[in-house]
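Structure file target-v4.cif; described as mmCIF, C-alpha atoms.
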```cif
data_entry
#
loop_
_atom_site.label_atom_id
_atom_site.label_comp_id
_atom_site.auth_asym_id
_atom_site.auth_seq_id
_atom_site.Cartn_x
_atom_site.Cartn_y
_atom_site.Cartn_z
CA MET A 1 0.00 0.00 0.00
CA ASN A 2 2.86 2.38 0.80
CA THR A 3 4.35 1.86 -2.63
CA CYS A 4 0.99 2.45 -4.22
CA HIS A 5 0.60 5.77 -2.44
CA ALA A 6 4.12 6.81 -3.30
CA LEU A 7 3.47 6.11 -6.96
CA LEU A 8 0.23 8.05 -6.88
CA PHE A 9 2.01 11.04 -5.43
CA ALA A 10 4.77 10.78 -7.98
CA ALA A 11 2.21 10.64 -10.77
CA LEU A 12 0.43 13.67 -9.47
CA GLY A 13 3.70 15.45 -9.00
CA PHE A 14 2.25 17.30 -6.10
CA VAL A 15 1.14 16.96 -2.56
CA VAL A 16 -1.95 18.03 -1.10
CA SER A 17 -4.87 18.60 2.71
CA ALA A 18 -8.19 18.40 4.15
CA GLU A 19 -10.76 19.62 1.63
CA ALA A 20 -11.02 21.20 -1.74
CA LEU A 21 -11.44 24.89 -1.13
CA SER A 22 -11.79 26.39 -4.53
CA ARG A 23 -15.09 25.75 -6.21
CA PRO A 24 -15.45 22.07 -5.35
CA VAL A 25 -18.23 21.68 -7.93
CA SER A 26 -17.67 22.68 -11.54
CA TYR A 27 -19.94 23.17 -14.56
CA ALA A 28 -21.88 20.22 -15.99
CA GLY A 29 -19.41 17.93 -17.70
CA GLY A 30 -16.34 19.55 -16.17
CA TRP A 31 -13.30 17.89 -14.61
CA THR A 32 -11.20 19.40 -11.84
CA LEU A 33 -7.87 18.41 -10.35
CA ILE A 34 -7.19 19.77 -6.87
CA GLY A 35 -4.01 19.43 -4.86
CA GLU A 36 -3.60 20.72 -1.32
CA SER A 37 -0.90 20.59 1.29
CA ASP A 38 -1.16 22.14 4.71
CA ARG A 39 0.51 21.84 8.10
CA GLN A 40 -0.74 18.33 8.68
CA SER A 41 -1.69 16.56 5.47
CA SER A 42 -1.40 16.47 1.73
CA SER A 43 -4.12 15.42 -0.66
CA ALA A 44 -5.12 15.12 -4.28
CA LEU A 45 -8.63 15.01 -5.70
CA LEU A 46 -9.80 14.49 -9.25
CA HIS A 47 -13.51 15.08 -9.61
CA TYR A 48 -16.12 15.03 -12.32
CA THR A 49 -19.21 17.24 -12.24
CA PRO A 50 -22.29 15.57 -13.82
CA THR A 51 -24.49 18.55 -12.99
CA TYR A 52 -23.63 21.87 -11.40
CA LYS A 53 -25.15 20.54 -8.16
CA TRP A 54 -22.58 17.88 -7.30
CA SER A 55 -19.23 16.33 -8.08
CA LEU A 56 -17.63 12.94 -7.50
CA GLY A 57 -14.12 11.58 -7.74
CA PRO A 58 -11.22 9.66 -6.19
CA ARG A 59 -9.23 11.33 -3.46
CA LEU A 60 -5.96 10.51 -1.76
CA GLU A 61 -4.88 12.12 1.50
CA VAL A 62 -1.73 11.49 3.50
CA ASN A 63 -1.66 12.58 7.12
CA ARG A 64 2.02 13.29 7.76
CA ASP A 65 1.64 13.76 11.51
CA ASP A 66 -0.15 10.50 12.22
CA HIS A 67 1.36 8.46 9.38
CA PHE A 68 -1.70 7.19 7.60
CA ALA A 69 -3.24 7.63 4.20
CA LEU A 70 -6.88 7.80 3.12
CA THR A 71 -7.94 6.52 -0.26
CA THR A 72 -11.56 7.49 -0.72
CA LEU A 73 -14.36 8.23 -3.10
CA HIS A 74 -15.18 11.87 -2.47
CA ALA A 75 -18.51 13.56 -3.19
CA THR A 76 -19.50 17.20 -2.89
CA ARG A 77 -23.03 18.54 -3.03
CA LEU A 78 -23.83 22.18 -3.73
CA ALA A 79 -26.69 22.69 -1.31
CA LYS A 80 -27.32 26.34 -2.05
CA ARG A 81 -25.91 29.10 -4.20
CA TRP A 82 -26.79 32.71 -3.65
CA PHE A 83 -26.52 35.02 -6.64
CA GLY A 84 -26.20 38.72 -7.01
CA SER A 85 -25.01 41.01 -9.75
CA ASP A 86 -21.65 41.32 -8.02
CA TYR A 87 -21.46 38.53 -5.48
CA GLN A 88 -21.81 34.81 -5.12
CA GLY A 89 -22.29 32.68 -2.03
CA ASN A 90 -22.21 28.91 -1.75
CA LEU A 91 -23.03 26.22 0.76
CA TYR A 92 -21.59 22.76 0.18
CA PHE A 93 -21.75 19.44 1.94
CA PHE A 94 -19.09 16.87 1.27
CA GLY A 95 -18.16 13.39 2.31
CA GLY A 96 -15.88 10.53 1.49
CA ALA A 97 -15.56 6.84 2.24
CA GLY A 98 -12.71 4.42 1.66
CA MET A 99 -9.70 2.83 3.26
CA ALA A 100 -7.20 4.14 5.76
CA SER A 101 -3.70 2.63 5.56
CA GLY A 102 -0.49 3.07 7.49
CA VAL A 103 2.41 4.89 5.83
CA ASP A 104 5.97 5.78 6.84
CA GLY A 105 6.45 2.63 8.91
CA ASN A 106 3.01 2.63 10.47
CA ARG A 107 2.11 -1.10 10.47
CA LEU A 108 -1.51 -0.80 11.55
CA GLU A 109 -3.90 -2.78 9.39
CA ASP A 110 -5.99 -1.11 6.73
CA ARG A 111 -9.39 -0.04 7.96
CA PHE A 112 -12.55 1.44 6.51
CA SER A 113 -12.81 5.15 7.14
CA LEU A 114 -15.12 7.99 6.32
CA TYR A 115 -15.44 11.70 6.71
CA GLY A 116 -18.00 14.40 6.21
CA GLY A 117 -18.19 18.14 6.42
CA VAL A 118 -19.51 21.46 5.30
CA MET A 119 -18.08 24.37 3.37
CA ALA A 120 -19.43 27.84 2.80
CA ASP A 121 -18.06 30.82 0.93
CA TRP A 122 -19.07 34.29 -0.15
CA GLU A 123 -17.13 36.42 -2.56
CA THR A 124 -17.15 39.44 -4.79
CA ARG A 125 -14.40 40.37 -7.20
CA SER A 126 -12.43 41.95 -4.39
CA LEU A 127 -13.60 40.35 -1.13
CA PHE A 128 -13.63 36.74 -0.04
CA THR A 129 -14.65 34.82 3.04
CA SER A 130 -15.08 31.11 3.64
CA TYR A 131 -15.51 28.47 6.31
CA ARG A 132 -15.10 24.73 6.26
CA ALA A 133 -15.33 21.97 8.81
CA ARG A 134 -14.65 18.25 8.65
CA TYR A 135 -15.01 15.27 10.92
CA LEU A 136 -12.92 12.19 10.13
CA GLU A 137 -13.45 8.71 11.52
CA ALA A 138 -10.49 6.49 10.65
CA SER A 139 -10.88 3.58 13.05
CA HIS A 140 -7.63 2.80 14.92
CA PHE A 141 -5.85 5.54 12.99
CA GLY A 142 -7.90 7.99 14.98
CA THR A 143 -10.62 10.57 14.69
CA GLN A 144 -10.18 14.19 13.89
CA PHE A 145 -12.25 17.33 13.79
CA MET A 146 -10.96 20.44 12.11
CA HIS A 147 -12.45 23.69 10.96
CA ALA A 148 -10.99 26.72 9.26
CA ALA A 149 -12.05 30.18 8.19
CA ARG A 150 -10.61 32.49 5.61
CA VAL A 151 -10.83 36.14 4.71
CA GLY A 152 -9.22 37.70 1.69
CA PHE A 153 -9.14 40.68 -0.58
CA ALA A 154 -7.94 41.39 -4.08
CA PRO A 155 -5.74 44.48 -4.44
CA TYR A 156 -7.16 44.94 -7.95
CA GLU A 157 -10.04 43.47 -9.95
CA GLY A 158 -8.58 41.30 -12.69
CA ASP A 159 -10.08 41.26 -16.16
CA THR A 160 -11.33 38.09 -17.79
CA GLY A 161 -8.34 35.87 -18.51
CA ALA A 162 -5.90 38.17 -16.70
CA LEU A 163 -3.89 37.31 -13.62
CA HIS A 164 -6.04 37.63 -10.50
CA THR A 165 -4.27 38.14 -7.18
CA TRP A 166 -5.65 37.65 -3.70
CA LEU A 167 -4.22 38.15 -0.24
CA MET A 168 -5.78 35.85 2.31
CA LEU A 169 -5.55 34.82 5.92
CA GLU A 170 -6.62 31.38 7.07
CA ILE A 171 -7.22 30.54 10.70
CA ASP A 172 -7.62 26.87 11.41
CA HIS A 173 -8.57 25.08 14.59
CA ARG A 174 -7.80 21.42 15.28
CA PRO A 175 -8.77 20.76 18.90
CA SER A 176 -6.79 17.51 19.14
CA ASP A 177 -3.49 19.10 18.06
CA PRO A 178 -0.95 20.59 20.50
CA ASP A 179 -1.02 23.78 18.42
CA SER A 180 -4.76 23.78 18.06
CA LEU A 181 -5.18 27.28 16.65
CA THR A 182 -2.93 28.43 13.83
CA ALA A 183 -2.77 31.20 11.26
CA THR A 184 -1.65 31.03 7.64
CA PRO A 185 -1.28 34.13 5.49
CA LEU A 186 -1.34 33.15 1.84
CA LEU A 187 -1.22 34.45 -1.67
CA ARG A 188 -3.73 33.21 -4.24
CA LEU A 189 -2.96 33.58 -7.93
CA PHE A 190 -5.67 32.86 -10.43
CA LYS A 191 -5.43 32.80 -14.19
CA GLY A 192 -7.85 31.08 -16.54
CA PRO A 193 -8.31 27.44 -15.51
CA LEU A 194 -5.47 27.44 -12.96
CA LEU A 195 -5.55 28.61 -9.35
CA VAL A 196 -2.45 28.40 -7.17
CA GLU A 197 -2.13 29.24 -3.48
CA ALA A 198 1.07 29.57 -1.50
CA GLY A 199 1.22 30.42 2.16
CA TYR A 200 3.09 29.83 5.37
CA ASN A 201 1.66 28.74 8.67
CA ILE A 202 3.32 31.19 11.02
CA THR A 203 2.26 29.32 14.15
CA VAL A 204 3.88 25.98 13.39
CA ASN A 205 6.23 27.08 10.60
CA GLN A 206 4.80 24.89 7.87
CA PRO A 207 4.17 25.82 4.24
CA LEU A 208 0.78 25.70 2.55
CA LEU A 209 0.56 24.92 -1.13
CA ASN A 210 -2.66 24.39 -3.06
CA PHE A 211 -3.69 24.31 -6.67
CA THR A 212 -6.87 23.80 -8.66
CA TYR A 213 -6.96 23.09 -12.37
CA ARG A 214 -10.28 22.98 -14.19
CA PHE A 215 -10.76 21.42 -17.59
CA MET B 216 1.78 39.09 21.09
CA HIS B 217 4.64 37.42 19.21
CA PHE B 218 2.07 35.64 17.07
CA LEU B 219 0.36 38.92 16.25
CA ILE B 220 3.62 40.62 15.31
CA LYS B 221 4.56 37.81 12.95
CA LEU B 222 1.13 37.92 11.38
CA LEU B 223 1.16 41.66 10.82
CA THR B 224 4.72 41.60 9.51
CA THR B 225 3.92 38.88 7.03
CA PHE B 226 0.88 40.73 5.72
CA ALA B 227 2.76 43.99 5.49
CA VAL B 228 5.49 42.40 3.38
CA ILE B 229 2.97 40.76 1.05
CA PHE B 230 0.85 43.89 0.81
CA PHE B 231 3.67 46.24 -0.08
CA GLY B 232 5.17 43.69 -2.43
CA LEU B 233 1.93 43.51 -4.33
CA SER B 234 1.19 47.19 -4.33
CA ALA B 235 3.57 47.65 -7.26
CA LEU B 236 1.81 44.84 -9.11
CA ALA B 237 -1.57 46.38 -8.41
CA GLN B 238 -0.35 49.77 -9.61
CA GLY B 239 0.96 48.29 -12.82
CA HIS B 240 -2.23 46.36 -13.40
CA SER B 241 -4.35 49.41 -12.75
CA GLU B 242 -2.54 51.24 -15.52
CA HIS B 243 -3.05 48.23 -17.77
CA ALA B 244 -6.74 48.08 -16.87
CA ASP B 245 -7.17 51.76 -17.68
CA HIS B 246 -5.54 51.16 -21.03
CA HIS B 247 -7.76 48.13 -21.63
CA ALA B 248 -10.85 50.11 -20.70
CA GLN B 249 -9.91 52.85 -23.13
CA GLU B 250 -9.39 50.24 -25.85
CA HIS B 251 -12.73 48.68 -24.98
CA HIS B 252 -14.41 52.07 -25.19
CA ASP B 253 -12.79 52.69 -28.55
CA HIS B 254 -14.02 49.32 -29.78
CA GLU B 255 -17.53 50.15 -28.68
CA ASP B 256 -17.44 53.49 -30.47
CA HIS B 257 -16.28 51.67 -33.56
CA ALA B 258 -19.12 49.14 -33.26
CA HIS B 259 -21.71 51.87 -32.83
CA GLN B 260 -20.42 53.64 -35.88
CA ALA B 261 -20.59 50.40 -37.84
CA SER B 262 -24.08 49.46 -36.70
CA ASP B 263 -25.97 52.52 -37.85
CA GLY B 264 -23.45 54.80 -39.42
CA GLY B 265 -23.38 57.35 -36.64
CA PRO B 266 -22.41 57.67 -33.00
CA VAL B 267 -25.03 56.45 -30.56
CA SER B 268 -25.25 56.29 -26.80
CA ALA B 269 -25.36 52.98 -24.97
CA THR B 270 -28.69 51.65 -23.85
CA SER B 271 -29.63 52.27 -20.25
CA THR B 272 -30.88 48.71 -19.85
CA GLY B 273 -27.47 47.14 -19.46
CA PRO B 274 -23.99 46.72 -20.82
CA ALA B 275 -23.50 46.33 -24.55
CA LEU B 276 -21.76 43.54 -26.41
CA THR B 277 -18.09 43.21 -25.50
CA HIS B 278 -15.95 43.30 -28.61
CA THR B 279 -13.18 40.82 -29.21
CA ASP B 280 -11.62 39.76 -32.50
CA GLU B 281 -13.71 36.59 -32.45
CA ILE B 282 -16.93 38.48 -31.75
CA ASP B 283 -16.24 41.14 -34.37
CA SER B 284 -15.49 38.42 -36.91
CA ALA B 285 -18.76 36.63 -36.11
CA LEU B 286 -20.66 39.91 -36.35
CA ALA B 287 -19.12 40.58 -39.73
CA GLU B 288 -20.42 37.18 -40.83
CA GLY B 289 -23.93 38.38 -40.03
CA GLY B 290 -24.60 36.50 -36.79
CA GLU B 291 -27.13 37.77 -34.26
CA PRO B 292 -25.58 39.55 -31.26
CA ILE B 293 -26.91 38.67 -27.81
CA VAL B 294 -25.95 40.06 -24.43
CA ALA B 295 -27.07 38.36 -21.23
CA ASP B 296 -26.59 39.83 -17.76
CA VAL B 297 -25.30 37.03 -15.55
CA LEU B 298 -25.68 36.82 -11.78
CA GLY B 299 -22.83 35.51 -9.67
CA VAL B 300 -20.00 35.88 -12.16
CA VAL B 301 -17.12 36.96 -9.95
CA CYS B 302 -14.05 35.05 -11.13
CA ASP B 303 -12.34 33.39 -14.06
CA PHE B 304 -13.71 29.97 -13.12
CA CYS B 305 -17.19 31.43 -13.66
CA ALA B 306 -16.15 32.77 -17.05
CA LEU B 307 -14.55 29.44 -17.93
CA ALA B 308 -17.72 27.53 -17.03
CA MET B 309 -19.88 29.78 -19.22
CA ASN B 310 -17.39 29.50 -22.07
CA LYS B 311 -17.26 25.71 -21.89
CA ILE B 312 -21.03 25.26 -21.79
CA PHE B 313 -21.97 27.78 -24.48
CA SER B 314 -19.09 26.89 -26.80
CA LYS B 315 -20.46 23.36 -27.12
CA ARG B 316 -23.53 24.70 -28.91
CA GLU B 317 -23.25 24.74 -32.66
CA GLU B 318 -25.46 27.85 -32.79
CA VAL B 319 -22.76 29.88 -31.03
CA ALA B 320 -20.11 31.44 -33.26
CA ALA B 321 -18.38 33.59 -30.64
CA ILE B 322 -18.57 34.10 -26.89
CA TYR B 323 -17.00 36.33 -24.26
CA VAL B 324 -17.74 36.66 -20.56
CA ASP B 325 -16.87 40.11 -19.29
CA LEU B 326 -16.18 40.14 -15.54
CA ASP B 327 -16.28 43.94 -15.48
CA THR B 328 -19.82 44.19 -16.83
CA LYS B 329 -20.98 40.75 -15.61
CA ALA B 330 -22.28 40.19 -19.11
CA LEU B 331 -22.18 37.24 -21.44
CA SER B 332 -21.68 38.33 -25.05
CA LEU B 333 -22.72 35.91 -27.77
CA VAL B 334 -22.81 36.08 -31.52
CA LEU B 335 -24.72 33.31 -33.22
CA VAL B 336 -23.91 31.53 -36.41
CA PRO B 337 -25.75 33.27 -39.30
CA SER B 338 -29.37 32.11 -39.51
CA ALA B 339 -29.08 30.18 -36.22
CA SER B 340 -31.26 30.99 -33.24
CA LEU B 341 -31.06 30.42 -29.51
CA SER B 342 -34.13 31.08 -27.38
CA ASP B 343 -34.05 32.96 -24.10
CA ASP B 344 -35.13 29.80 -22.33
CA THR B 345 -32.23 27.85 -23.83
CA ILE B 346 -29.75 30.54 -22.86
CA ALA B 347 -31.13 30.53 -19.32
CA GLU B 348 -30.88 26.72 -19.17
CA LEU B 349 -27.30 26.73 -20.44
CA ALA B 350 -26.40 29.28 -17.78
CA VAL B 351 -27.90 26.98 -15.15
CA GLN B 352 -25.76 24.11 -16.45
CA ALA B 353 -22.76 26.34 -15.93
CA GLY B 354 -23.98 27.05 -12.40
CA TYR B 355 -25.24 30.61 -12.85
CA ARG B 356 -28.40 32.62 -13.51
CA ILE B 357 -29.42 35.03 -16.23
CA ALA B 358 -30.98 38.30 -15.14
CA ASP B 359 -31.71 39.84 -18.53
CA ILE B 360 -31.17 39.18 -22.23
CA ARG B 361 -30.81 41.74 -25.01
CA ARG B 362 -30.63 41.07 -28.72
CA GLY B 363 -29.91 42.92 -31.92
CA ASP B 364 -29.51 46.66 -31.61
CA ALA B 365 -30.17 46.53 -27.88
CA ALA B 366 -27.26 44.10 -27.51
CA LEU B 367 -25.03 46.39 -29.55
CA GLY B 368 -25.92 49.28 -27.29
CA SER B 369 -27.88 51.09 -29.98
CA GLY B 370 -31.38 50.10 -28.86
CA ALA B 371 -34.02 52.50 -27.69
#
```
What is this file in structure tokens?
Amino acid sequence: MNTCHALLFAALGFVVSAEALSRPVSYAGGWTLIGESDRQSSSALLHYTPTYKWSLGPRLEVNRDDHFALTTLHATRLAKRWFGSDYQGNLYFFGGAGMASGVDGNRLEDRFSLYGGVMADWETRSLFTSYRARYLEASHFGTQFMHAARVGFAPYEGDTGALHTWLMLEIDHRPSDPDSLTATPLLRLFKGPLLVEAGYNITVNQPLLNFTYRF
Amino acid sequence: MHFLIKLLTTFAVIFFGLSALAQGHSEHADHHAQEHHDHEDHAHQASDGGPVSATSTGPALTHTDEIDSALAEGGEPIVADVLGVVCDFCALAMNKIFSKREEVAAIYVDLDTKALSLVLVPSASLSDDTIAELAVQAGYRIADIRRGDAALGSGA
């Protein structure tokens, strides 16, 4: 299983985290590749959107702190979208089910695991705010609750197809961690189908690196 | 307190580092807007032979090379006001969905005006209901649709 995960990561060429933050549901017929890496875990998700209301796809997450990996089928449901001439708000529910496996010398047996959570965001072309929460049940690998909130602003309003730049601050809370409350300032760059985020968790000195590619 | 200082310092560095970028982009945006305005003037001249003022009902067709080419072919211009279009992913979704339709010769989603500009293939038609449904497939909503002279900004 460890070799399998290593190969998957090599193929993706990236490491990834907890949940897909950037538009986890696409347009009907769209595919999205999302990679995230935060202070605790790295993940990759490839999802397909049959209708604009939901998406489904395989997801791999490696928890570097607790040395286990989750290989799951991940689904996201757009529960509500609020529209305005210059804003958009979204409420999503997501969940995943699959196997948890030991990595990095962790010899615990594979076990069924699942997680579920909620995400919400509201944004204009220059302001952004979001919240997400997840509860994970991974049998003898442990349980985990986390939630995080973000605020951000764009120093300029990018034109269609131009480079869009955002400055954001993420505060995340993981009650079971020694450093339960941390802060991550980050830079989001957005151009066409590609979104990249780079930040640094200033509480635990860990980088954050995310990307989303839509096709 | 140490945490707060690190946080503020980090944001200050990022903010000032990007201020130059924002300044440069602002100049570019002004230039783009002027070009856009010039294009519109050109389109108004072409549509009825004389300068006209834009309709008060909404933004006019955004002109790109592709759209101008489709207009020159004789396709019907359509402008739809779209709710919720705030980023390039929104524009990409609209582009992907509408571009699949054989009736559509050219498309552009303008984030500044929140308007979807379409030019149809000559003699093709696309009903308001179909446009609204395609927008839903992309994940958005249409607030208003203008066609012909109204879409070109030369309507009553």
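Note on the selection: in this file the PyMOL selection byres ((chain B) within 6 of (chain A)) comes out as Ala237, Leu298, Gly299, Val301, Asp303, Ala308, Leu326, Gln352, Ala353 and Gly354 of chain B.
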field: Point-to-point distance in Å for CA of Leu181 (chain A) and CA of Arg77 (chain A)
entry: 28.0 Å
task: In Å, rounded to a single decimal, give me how far CA of Ala320 (chain B) is from CA of Val336 (chain B).
output: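 Between CA of Val336 (chain B) and CA of Ala320 (chain B) the gap is 4.9 Å.
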- request: One decimal, Å: what's the distance from CA of Ser176 (chain A) over to CA of Thr143 (chain A), could you say?
  value: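 About the pair CA of Ser176 (chain A) and CA of Thr143 (chain A): they are 9.1 Å apart.
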- prompt: For the file shown, what are the residues hit by the PyMOL selection byres ((chain A and resi 47) around 6), laid out as a ChimeraX atom specification?
  reply: /A:31-32,46,48,56-57
query: What do you get, as a ChimeraX atom specification, if you spell out every residue that the PyMOL selection byres ((chain B and resi 279-290) around 10) selects here?
result: /B:251,254,258,276-278,291-293,318-323,332-340,363
field: Exercise: residues within 8 Å of coordinate (-27.0, 25.1, 1.7), counting all atoms listed in the file, as a list in words
entry: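 The requested residues, written out, are Leu78, Ala79, Lys80, Arg81, Asn90, Leu91, Tyr92 and Phe93 of chain A.
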- prompt: Closest to Gly273 (chain B) among B:Ala330, B:Tyr355, B:Asp344, B:Cys305, using all atoms listed in the file?
  reply: B:Ala330
message: Excluding region 98-107 of chain A and its own-chain neighbours fewer than 2 positions away, which residues fall within 9 Å of it when counting all atoms listed in the file? Please give them as a ChimeraX atom specification.
response: /A:1-2,5,62-64,66-74,96,109-114,138-139,141
query: Got a sec: who's within 9 Å of Pro175 (chain A), counting only C-alpha atoms, leaving out chain neighbours fewer than 4 positions off, as a PyMOL selection string?
result: chain A and resi 144-146+179-181
task: Using all atoms listed in the file, determine which residues lie at most 6 Å from Val297 (chain B), disregarding the query and same-chain residues fewer than 6 positions distant; provide the list as a list in words.
output: Lys329, Ala330, Arg356, Ile357 and Ala358 of chain B
